[in-house]
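> My structure file query.txt, compact mmCIF, C-alpha atoms, is below:
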```
# COMPACT_ATOMS: atom_id res chain seq x y z
CA MET A 1 -19.02 -25.08 -16.02
CA ASN A 2 -21.26 -26.85 -13.53
CA ASP A 3 -18.68 -26.37 -10.79
CA ALA A 4 -18.86 -22.54 -11.05
CA HIS A 5 -21.13 -20.19 -9.13
CA ALA A 6 -23.33 -17.91 -11.24
CA LEU A 7 -23.55 -14.32 -10.06
CA VAL A 8 -25.23 -11.23 -11.48
CA LEU A 9 -23.02 -8.31 -10.50
CA ALA A 10 -24.62 -4.91 -11.08
CA GLY A 11 -26.54 -6.38 -14.02
CA THR A 12 -23.62 -8.30 -15.56
CA SER A 13 -23.76 -12.12 -15.62
CA CYS A 14 -20.59 -13.63 -14.17
CA LEU A 15 -19.23 -17.05 -13.28
CA LEU A 16 -17.04 -17.50 -10.21
CA LEU A 17 -14.74 -20.41 -10.99
CA PRO A 18 -13.56 -22.86 -8.31
CA THR A 19 -9.95 -21.84 -9.00
CA GLY A 20 -10.60 -18.25 -7.88
CA ALA A 21 -10.92 -16.78 -11.38
CA LEU A 22 -13.84 -14.68 -12.60
CA PHE A 23 -15.30 -15.31 -16.06
CA VAL A 24 -17.68 -12.91 -17.80
CA PRO A 25 -19.24 -14.98 -20.62
CA GLY A 26 -20.90 -12.07 -22.41
CA ALA A 27 -17.52 -10.37 -22.88
CA ASP A 28 -15.32 -13.50 -23.16
CA LEU A 29 -13.33 -11.99 -20.29
CA LEU A 30 -11.31 -13.88 -17.68
CA CYS A 31 -10.07 -12.05 -14.58
CA VAL A 32 -7.57 -13.23 -11.95
CA SER A 33 -6.04 -11.35 -9.04
CA ASP A 34 -2.89 -11.45 -6.96
CA LEU A 35 -0.85 -14.02 -8.88
CA HIS A 36 2.27 -12.98 -6.95
CA LEU A 37 4.51 -14.68 -9.49
CA GLY A 38 8.09 -15.01 -8.25
CA LYS A 39 7.15 -14.97 -4.56
CA SER A 40 9.67 -17.64 -3.52
CA GLU A 41 12.50 -15.81 -5.31
CA ARG A 42 11.53 -12.48 -3.75
CA ARG A 43 11.39 -13.97 -0.27
CA ALA A 44 14.78 -15.64 -0.68
CA ARG A 45 16.29 -12.40 -2.02
CA ARG A 46 14.90 -10.22 0.77
CA THR A 47 14.95 -12.52 3.79
CA GLY A 48 17.20 -15.48 2.97
CA VAL A 49 14.29 -17.85 3.67
CA LEU A 50 14.16 -20.57 1.01
CA LEU A 51 10.80 -21.90 -0.21
CA PRO A 52 10.36 -24.60 -2.86
CA PRO A 53 10.51 -22.55 -6.09
CA TYR A 54 7.49 -24.11 -7.78
CA GLU A 55 4.68 -21.66 -7.12
CA THR A 56 5.15 -19.70 -10.34
CA ARG A 57 4.95 -22.83 -12.47
CA GLY A 58 1.93 -24.09 -10.53
CA THR A 59 0.11 -20.76 -10.76
CA LEU A 60 0.73 -20.51 -14.50
CA ASP A 61 -0.43 -24.12 -14.98
CA ARG A 62 -3.67 -23.31 -13.15
CA LEU A 63 -4.16 -20.21 -15.28
CA ALA A 64 -3.48 -22.22 -18.44
CA ARG A 65 -6.28 -24.64 -17.51
CA ASP A 66 -8.72 -21.77 -16.92
CA VAL A 67 -7.74 -20.16 -20.23
CA ALA A 68 -8.19 -23.47 -22.04
CA GLN A 69 -11.63 -23.94 -20.47
CA THR A 70 -12.99 -20.44 -21.01
CA LYS A 71 -11.11 -19.39 -24.19
CA PRO A 72 -11.23 -15.67 -23.29
CA ARG A 73 -10.65 -12.87 -25.76
CA THR A 74 -9.47 -10.68 -22.86
CA VAL A 75 -7.61 -11.49 -19.65
CA VAL A 76 -7.47 -8.97 -16.81
CA ALA A 77 -4.72 -9.48 -14.23
CA LEU A 78 -6.04 -7.50 -11.29
CA GLY A 79 -2.80 -6.33 -9.68
CA ASP A 80 0.06 -7.84 -7.68
CA SER A 81 0.70 -10.12 -10.64
CA PHE A 82 4.38 -10.24 -9.63
CA ASP A 83 5.63 -10.21 -6.07
CA ASP A 84 7.75 -7.18 -6.99
CA LEU A 85 9.32 -5.77 -10.15
CA ALA A 86 12.57 -7.68 -9.55
CA ALA A 87 10.58 -10.91 -9.27
CA GLU A 88 9.19 -10.25 -12.75
CA GLY A 89 12.76 -10.13 -14.05
CA SER A 90 13.67 -13.35 -12.26
CA LEU A 91 11.24 -15.64 -14.12
CA ASP A 92 13.10 -18.47 -15.78
CA LEU A 93 12.87 -19.19 -19.50
CA VAL A 94 10.24 -21.92 -19.11
CA ASP A 95 7.94 -19.69 -17.05
CA ARG A 96 8.44 -16.77 -19.43
CA ALA A 97 7.52 -18.99 -22.37
CA ALA A 98 4.43 -20.26 -20.53
CA LEU A 99 3.27 -16.71 -19.78
CA SER A 100 3.91 -15.60 -23.36
CA ALA A 101 1.87 -18.54 -24.67
CA LEU A 102 -1.06 -17.55 -22.45
CA MET A 103 -0.95 -13.97 -23.74
CA GLU A 104 -0.69 -14.86 -27.41
CA GLY A 105 -3.75 -14.08 -29.51
CA ARG A 106 -5.76 -12.24 -26.83
CA ALA A 107 -5.93 -8.85 -25.18
CA TRP A 108 -4.16 -8.72 -21.83
CA VAL A 109 -4.75 -5.98 -19.26
CA TRP A 110 -2.33 -5.56 -16.34
CA ILE A 111 -3.91 -3.58 -13.49
CA GLU A 112 -1.31 -1.94 -11.28
CA GLY A 113 -1.07 -3.39 -7.76
CA ASN A 114 0.72 -2.23 -4.65
CA HIS A 115 3.48 -4.85 -5.05
CA GLU A 116 4.50 -3.80 -8.55
CA GLY A 117 4.46 -0.07 -7.85
CA ALA A 118 4.73 0.60 -11.60
CA ALA A 119 3.96 -1.02 -14.93
CA THR A 120 5.77 -4.30 -15.60
CA PRO A 121 7.79 -4.75 -18.81
CA GLN A 122 5.29 -7.37 -19.99
CA PRO A 123 3.38 -6.64 -23.21
CA GLY A 124 -0.28 -5.68 -23.01
CA GLU A 125 -2.15 -2.71 -21.57
CA HIS A 126 -0.98 -1.32 -18.23
CA LEU A 127 -3.70 0.58 -16.38
CA LYS A 128 -4.57 1.81 -12.90
CA GLU A 129 -8.13 0.62 -13.51
CA ALA A 130 -10.26 -0.49 -16.44
CA ARG A 131 -13.96 -0.37 -17.25
CA LEU A 132 -14.92 -3.44 -19.26
CA ALA A 133 -18.22 -5.33 -19.65
CA ASN A 134 -19.98 -2.68 -17.52
CA LEU A 135 -17.67 -3.53 -14.62
CA LEU A 136 -14.88 -1.48 -13.03
CA PHE A 137 -11.67 -3.45 -12.48
CA ARG A 138 -9.13 -2.12 -9.97
CA HIS A 139 -6.67 -3.64 -7.53
CA GLU A 140 -8.05 -2.35 -4.23
CA ALA A 141 -11.71 -1.65 -3.49
CA ALA A 142 -12.79 1.94 -2.91
CA PRO A 143 -15.40 2.32 -0.15
CA ASP A 144 -17.42 4.81 -2.23
CA ALA A 145 -17.25 2.84 -5.52
CA PRO A 146 -20.44 2.61 -7.57
CA PRO A 147 -22.01 -0.84 -8.13
CA GLY A 148 -20.01 -3.10 -10.42
CA GLU A 149 -16.55 -2.81 -8.86
CA VAL A 150 -14.26 -5.87 -9.13
CA SER A 151 -11.08 -5.88 -7.04
CA GLY A 152 -8.56 -8.07 -5.25
CA HIS A 153 -5.79 -7.10 -2.78
CA TRP A 154 -7.34 -8.50 0.41
CA HIS A 155 -6.72 -12.24 -0.28
CA PRO A 156 -10.00 -13.17 1.48
CA LYS A 157 -10.44 -16.57 3.12
CA PHE A 158 -13.36 -18.01 5.01
CA ALA A 159 -14.05 -21.05 7.20
CA PRO A 160 -17.75 -21.84 7.66
CA PRO A 161 -18.61 -24.44 10.30
CA GLY A 162 -17.20 -27.83 9.34
CA PHE A 163 -14.72 -26.47 6.79
CA ALA A 164 -11.06 -25.58 6.91
CA PRO A 165 -10.34 -22.02 5.73
CA ARG A 166 -10.41 -21.64 1.96
CA PRO A 167 -9.67 -18.71 -0.33
CA CYS A 168 -12.98 -17.16 -1.31
CA PHE A 169 -14.74 -14.52 -3.35
CA VAL A 170 -16.77 -12.00 -1.35
CA THR A 171 -19.81 -10.25 -2.80
CA ASP A 172 -23.06 -8.53 -1.94
CA GLY A 173 -24.20 -8.35 -5.55
CA LYS A 174 -22.90 -4.79 -5.91
CA ARG A 175 -19.16 -5.35 -5.66
CA LEU A 176 -16.88 -8.37 -5.81
CA VAL A 177 -13.50 -9.06 -4.18
CA LEU A 178 -11.53 -11.92 -5.72
CA PRO A 179 -9.35 -14.37 -3.80
CA ALA A 180 -5.61 -14.48 -4.41
CA TYR A 181 -4.90 -16.77 -7.36
CA GLY A 182 -1.21 -17.41 -6.58
CA LEU A 183 -0.26 -20.66 -4.87
CA TYR A 184 1.97 -19.13 -2.16
CA THR A 185 -0.35 -16.35 -1.03
CA GLY A 186 -1.75 -16.04 2.46
CA GLY A 187 -5.23 -14.89 3.35
CA LEU A 188 -7.34 -12.65 5.56
CA ASP A 189 -10.60 -13.66 7.25
CA ALA A 190 -13.39 -12.30 5.07
CA ARG A 191 -15.14 -11.04 8.22
CA HIS A 192 -12.15 -8.86 9.21
CA PRO A 193 -13.83 -5.51 9.96
CA PRO A 194 -12.18 -3.30 7.27
CA LEU A 195 -12.95 -5.94 4.62
CA ARG A 196 -16.45 -6.76 5.86
CA ALA A 197 -17.30 -3.05 5.97
CA LEU A 198 -17.04 -2.88 2.17
CA PHE A 199 -20.16 -5.02 1.76
CA GLY A 200 -23.80 -4.65 2.55
CA THR A 201 -26.04 -7.28 4.10
CA PRO A 202 -26.53 -10.02 3.14
CA ALA A 203 -23.15 -10.92 1.70
CA LEU A 204 -21.74 -14.19 0.39
CA ALA A 205 -18.40 -15.89 0.63
CA VAL A 206 -17.94 -18.18 -2.38
CA LEU A 207 -15.34 -20.76 -1.43
CA THR A 208 -12.79 -22.06 -3.92
CA GLY A 209 -11.99 -25.78 -4.11
CA PRO A 210 -13.46 -28.71 -6.03
CA ARG A 211 -16.45 -26.48 -6.82
CA ALA A 212 -17.35 -22.89 -6.08
CA LEU A 213 -19.40 -23.09 -2.88
CA PRO A 214 -21.53 -20.10 -1.78
CA VAL A 215 -22.07 -19.69 1.96
CA PRO A 216 -23.49 -16.77 3.98
CA LEU A 217 -20.72 -14.51 5.20
CA ASP A 218 -22.54 -13.75 8.44
CA ARG A 219 -24.02 -16.38 10.69
CA PRO A 220 -27.70 -15.78 11.49
CA ALA A 221 -28.40 -14.50 14.97
CA ALA A 222 -29.47 -17.16 17.44
CA ARG A 223 -33.19 -17.20 18.19
CA ARG A 224 -34.18 -16.08 21.63
CA ARG A 225 -36.06 -18.50 23.79
CA ALA A 226 -39.66 -17.66 24.46
```
If you convert what's in this file into structure tokens, what do you get?

Amino acid sequence: MNDAHALVLAGTSCLLLPTGALFVPGADLLCVSDLHLGKSERRARRTGVLLPPYETRGTLDRLARDVAQTKPRTVVALGDSFDDLAAEGSLDLVDRAALSALMEGRAWVWIEGNHEGAATPQPGEHLKEARLANLLFRHEAAPDAPPGEVSGHWHPKFAPPGFAPRPCFVTDGKRLVLPAYGLYTGGLDARHPPLRALFGTPALAVLTGPRALPVPLDRPAARRRA
């Protein structure tokens, strides 16, 4: 996985994959956040706005590639896996079969997000938060969390000089916020004050794309002239 970024988070060795997934090799654990499956259906149902209905298939295809590469024993879906509970029920037969195939033969943990509001009917464990591999997995970061928290929710993006904005991980080595994994999700600037306030200094944005690219989250102050 030469295209991944290696990170030690509160003593646990992790790999940040260029797709936006987190892999913990020592626990054979793959974590993704904010899949928002069924987003196009939910938007059409609630607003009448029609989007090409391909994001669920594309998101599941991306997840299938990460599962094939990492071969995890456990997958943690870190909340907002479906755009709402009705969207979960709207998945077509092909998408349902694809999701079932990904879940077969491994433990699957669904962390409750703010979009689901309750446990989905999908098989697996349904938890508010989970402590696995010495890390605490929850949907939304808690400001007073101890080191080792892994969360999502914010959909962070970042645009260093010379780059277009990309979804990104954000970390200071004590906590980690994952980017949204779903194809139709928007994003929030990783330096937005409520998000930036969760992290100490220095902090990194690790951009997704062809490879996981770490860049400083804060630009260094300009030197004063003598």
> Give the answer as one residue: which of A:Pro179, A:Gly187, A:Pro210, A:Pro194 has the shortest atom-to-atom distance to Ala21 of chain A, using only C-alpha atoms?
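Ranked by minimum distance to Ala21 of chain A, first place goes to A:Pro179.
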> Around (-2.9, -12.4, -12.9) in the file's frame, which residues reach within 9 Å when counting all atoms listed in the file? Return as an MDAnalysis selection string?
chainID A and resid 31:37 63 75:82 110:111 181:182
> Using only C-alpha atoms, which residues sit within 7 Å of Leu135 of chain A once same-chain residues fewer than 4 positions away are excluded, as a ChimeraX atom specification?
/A:131,148-150
> Please, what distance in Å, to one decimal, runs between atom CA of Ala159 of chain A and atom CA of Thr59 of chain A?
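Distance between the two atoms: 22.9 Å.
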> I need the residue nearest Ala141 of chain A from this list: A:Arg196, A:Gly26, A:Pro165, A:Thr19. Use only C-alpha atoms for the distance.
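Ranked by minimum distance to Ala141 of chain A, first place goes to A:Arg196.
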> I'd like to know which of A:Leu198, A:Arg166, A:Gly113, A:Arg191 is closest to Pro214 of chain A, using only C-alpha atoms.
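Ranking A:Leu198, A:Arg166, A:Gly113, A:Arg191 by distance to Pro214 of chain A, first place goes to A:Arg166.
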> For each of A:Pro202, A:Pro160, A:Gly173, A:Pro167, take the minimum atom-to-atom distance to Thr185 of chain A, counting only C-alpha atoms, then give the residue where this is smallest.
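Between A:Pro202, A:Pro160, A:Gly173, A:Pro167, the residue approaching Thr185 of chain A most closely is A:Pro167.
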